[in-house]
Amino acid sequence: MEVVPSLLSADFSRLKEEIRIMEKVGARRLHLDVMDGHFVPNITFGPFIIESIRKLTSLHLETHLMIENPAKYIEAFIRAGSDTVIIHIEASADIIRDLKKIRELGAKAGIVLNPPTSFESVEPYFEYIDHFLVMTVNPGFGGQKMINAALSKVTLAGPYQKQFGFPIEVDGGININTIEEARAAGTDLFVAGSAVFSARNPSESFKALSEKLLSA
Ligand code: DX5
Ligand code: ZN
């Protein structure tokens with residue numbers, strides 16, 4: 001189990017420093033939130049910024065694509081240095097084709113579903129994935145309250161994880177009070193944006209979240 005800092009809430013004017021702090025405190029992955037202003041009502045960054053992040057760190061970069069028509073951009077995000085590319089079931093016109101493309105280009109293929117989307121809608125695709133992400137907020141913004149009911153999808157994915165071996169990650173509203181419930185559902189990776197970077201001391205905050213996982 002590990003905490004995965006989401007750079008969405010980092011201070012981009014000191015990005016290098018923020019990444020170094022996460023490396024020093026033991027983070028092994030970084031979560032990168034790409035938003036296009038169409039699939040979600042917010043815009044963040046694209047491959048160009050990810051290329052810069054790639055130059056700053058050798059941590060595993062997981063790119064969460066909250067964009068329409070992800071197929072069109074998969075290659076650019078992998079060339080920019082993404083190790084895992086995660087696409088929304090709600091956004092892809094041909095999910096199997098897109099997951100295969102990610103793998104063919106040498107990255108790990110992830111699938112993600114929004115809180116209102118049923119678990120059944122992802123069930124046919126588990127054999128094609130290397131990463132399963134469950135949204136526990138409606139995507140678009142950091143700092144929202146966790147929708148606890150979405151955690152049932154983590155538990156439902158358990159038998160498929162046994163069969164296929166992918167890690168299960170949750171995204172949205174993870175903090176020192178909610179991380180335990182997410183762990184109990186069977187989560188392996190815990191994305192934390194505001195709980196880490198909006199805290200007074202991001203390093204301490206990352207540590208506290210990680211220790212909470214170990215102490216459970
Ligand atoms: C939300 C993003 C999240 C975001 C989580 O749309 O996908 O990755 O960074 O932020 P927190 O941890 O603040 O809920
Ligand atoms: Zn995310």
# chains A, B, ... in the order shown; residues from 1 in each chain; ligands from 1

$ closest_atom_pairs --of "chain A" --to "ligand 2" --cutoff "7 Å" --atoms "only C-alpha atoms and all ligand atoms" --output "Markdown table"
| residue | atom | partner | partner_atom_place_in_ligand_line | distance |
| --- | --- | --- | --- | --- |
| A:Ser6 | CA | ligand 2 | 1 (Zn) | 6.9 |
| A:His31 | CA | ligand 2 | 1 (Zn) | 6.5 |
| A:Leu32 | CA | ligand 2 | 1 (Zn) | 6.6 |
| A:Asp33 | CA | ligand 2 | 1 (Zn) | 4.9 |
| A:His64 | CA | ligand 2 | 1 (Zn) | 5.3 |
| A:Asp171 | CA | ligand 2 | 1 (Zn) | 5.6 |

$ write_last_selection --atoms "N, CA and C atoms" --output "compact mmCIF listing (two decimals), in the first residue's frame"
# COMPACT_ATOMS: atom_id res chain seq x y z
N SER A 6 -0.84 13.68 -5.67
CA SER A 6 -1.35 14.27 -6.91
C SER A 6 -0.84 15.70 -7.01
N HIS A 31 0.91 11.27 -9.26
CA HIS A 31 -0.35 11.23 -10.00
C HIS A 31 -0.52 12.57 -10.73
N LEU A 32 -0.73 12.50 -12.05
CA LEU A 32 -0.80 13.71 -12.88
C LEU A 32 -2.20 13.84 -13.48
N ASP A 33 -2.90 14.90 -13.11
CA ASP A 33 -4.29 15.08 -13.52
C ASP A 33 -4.40 15.96 -14.75
N HIS A 64 -3.56 10.60 -15.37
CA HIS A 64 -5.01 10.40 -15.30
C HIS A 64 -5.64 11.34 -16.33
N ASP A 171 -9.15 7.72 -5.92
CA ASP A 171 -8.81 9.11 -6.23
C ASP A 171 -9.95 10.03 -5.82

$ closest_atom_pairs --of "chain A" --to "ligand 1" --cutoff "10 Å" --atoms "only C-alpha atoms and all ligand atoms" --output "Markdown table"
| residue | atom | partner | partner_atom_place_in_ligand_line | distance |
| --- | --- | --- | --- | --- |
| A:Val4 | CA | ligand 1 | 8 (O) | 9.4 |
| A:Pro5 | CA | ligand 1 | 12 (O) | 8.0 |
| A:Ser6 | CA | ligand 1 | 9 (O) | 4.9 |
| A:Leu7 | CA | ligand 1 | 9 (O) | 6.8 |
| A:Leu8 | CA | ligand 1 | 9 (O) | 4.9 |
| A:Ser9 | CA | ligand 1 | 9 (O) | 6.4 |
| A:Ala10 | CA | ligand 1 | 9 (O) | 9.3 |
| A:His31 | CA | ligand 1 | 8 (O) | 6.7 |
| A:Leu32 | CA | ligand 1 | 8 (O) | 7.2 |
| A:Asp33 | CA | ligand 1 | 7 (O) | 5.6 |
| A:Val34 | CA | ligand 1 | 7 (O) | 8.2 |
| A:Met35 | CA | ligand 1 | 6 (O) | 8.2 |
| A:Val40 | CA | ligand 1 | 6 (O) | 8.1 |
| A:Pro41 | CA | ligand 1 | 6 (O) | 9.7 |
| A:Asn42 | CA | ligand 1 | 6 (O) | 8.9 |
| A:Thr63 | CA | ligand 1 | 8 (O) | 9.6 |
| A:His64 | CA | ligand 1 | 7 (O) | 6.8 |
| A:Leu65 | CA | ligand 1 | 7 (O) | 8.6 |
| A:Met66 | CA | ligand 1 | 7 (O) | 7.6 |
| A:Val112 | CA | ligand 1 | 7 (O) | 9.9 |
| A:Asn114 | CA | ligand 1 | 6 (O) | 9.8 |
| A:Leu133 | CA | ligand 1 | 7 (O) | 9.9 |
| A:Val134 | CA | ligand 1 | 7 (O) | 9.9 |
| A:Met135 | CA | ligand 1 | 7 (O) | 7.3 |
| A:Thr136 | CA | ligand 1 | 14 (O) | 8.3 |
| A:Val137 | CA | ligand 1 | 1 (C) | 6.8 |
| A:Asn138 | CA | ligand 1 | 6 (O) | 6.5 |
| A:Pro139 | CA | ligand 1 | 6 (O) | 3.3 |
| A:Gly140 | CA | ligand 1 | 6 (O) | 3.8 |
| A:Phe141 | CA | ligand 1 | 6 (O) | 4.6 |
| A:Gly142 | CA | ligand 1 | 10 (O) | 3.5 |
| A:Gly143 | CA | ligand 1 | 13 (O) | 3.6 |
| A:Gln144 | CA | ligand 1 | 14 (O) | 5.2 |
| A:Lys145 | CA | ligand 1 | 14 (O) | 7.0 |
| A:Met146 | CA | ligand 1 | 14 (O) | 7.3 |
| A:Val170 | CA | ligand 1 | 8 (O) | 8.9 |
| A:Asp171 | CA | ligand 1 | 8 (O) | 5.4 |
| A:Gly172 | CA | ligand 1 | 14 (O) | 3.6 |
| A:Gly173 | CA | ligand 1 | 14 (O) | 3.7 |
| A:Ile174 | CA | ligand 1 | 12 (O) | 5.4 |
| A:Asn175 | CA | ligand 1 | 12 (O) | 7.3 |
| A:Phe190 | CA | ligand 1 | 12 (O) | 8.8 |
| A:Val191 | CA | ligand 1 | 12 (O) | 6.0 |
| A:Ala192 | CA | ligand 1 | 12 (O) | 3.9 |
| A:Gly193 | CA | ligand 1 | 12 (O) | 3.5 |
| A:Ser194 | CA | ligand 1 | 13 (O) | 3.7 |
| A:Ala195 | CA | ligand 1 | 12 (O) | 5.9 |
| A:Val196 | CA | ligand 1 | 12 (O) | 7.7 |
| A:Phe197 | CA | ligand 1 | 13 (O) | 8.6 |
| A:Ser198 | CA | ligand 1 | 13 (O) | 8.3 |

$ select_by_dssp --residues "segment 26-134 of chain A" --states "strand (DSSP E or B)" --output "VMD selection string"
chain A and resid 29 to 36 43 60 to 66 84 to 88 108 to 113 131 to 134

$ closest_residue --among "A:Ile53, A:Ala184, A:Leu214, A:Ile86" --to "Tyr73 of chain A" --atoms "only C-alpha atoms"
A:Ile86

$ residues_around --residues "Ser152 of chain A" --least-positions-apart "2" --cutoff "12 Å" --atoms "only C-alpha atoms" --output "list in words"
Pro115, Ser118, Phe119, Val134, Met135, Thr136, Ile147, Asn148, Ala149, Ala150, Val154, Thr155, Leu156, Ala157, Gly158, Val170, Glu181, Ala182, Arg183, Ala184, Ala185, Gly186 and Thr187 of chain A

$ residues_around --residues "Ala91 of chain A" --least-positions-apart "4" --cutoff "9 Å" --atoms "only C-alpha atoms" --output "JSON, numbers by chain"
{"A": [39, 66, 67, 68, 69, 70, 87, 95]}

$ write_last_selection --atoms "N, CA and C atoms" --output "tab-separated table (two decimals), in the first residue's frame"
chain	number	residue	atom	x	y	z
A	39	PHE	N	-14.38	17.23	-20.88
A	39	PHE	CA	-14.79	16.05	-20.10
A	39	PHE	C	-15.05	16.45	-18.64
A	66	MET	N	-8.43	13.05	-17.94
A	66	MET	CA	-9.83	13.48	-17.85
A	66	MET	C	-10.12	14.32	-19.09
A	67	ILE	N	-10.10	13.64	-20.24
A	67	ILE	CA	-10.25	14.34	-21.51
A	67	ILE	C	-11.18	13.56	-22.44
A	68	GLU	N	-11.85	14.29	-23.33
A	68	GLU	CA	-12.63	13.67	-24.40
A	68	GLU	C	-11.66	13.05	-25.39
A	69	ASN	N	-12.09	12.02	-26.05
A	69	ASN	CA	-11.32	11.40	-27.13
A	69	ASN	C	-9.87	11.08	-26.72
A	70	PRO	N	-9.69	10.31	-25.66
A	70	PRO	CA	-8.32	10.04	-25.19
A	70	PRO	C	-7.44	9.38	-26.25
A	87	ILE	N	-7.35	5.89	-18.58
A	87	ILE	CA	-8.41	6.51	-19.38
A	87	ILE	C	-9.79	6.25	-18.76
A	95	ILE	N	-12.81	1.16	-25.79
A	95	ILE	CA	-11.95	1.01	-24.62
A	95	ILE	C	-10.88	-0.07	-24.84

$ closest_residue --among "A:Lys212, A:His60, A:Lys16, A:Lys108" --to "Phe132 of chain A" --atoms "only C-alpha atoms"
A:Lys108

$ atom_distance --atom1 "atom CA of Lys207 of chain A" --atom2 "atom CA of Glu2 of chain A"
10.5 Å
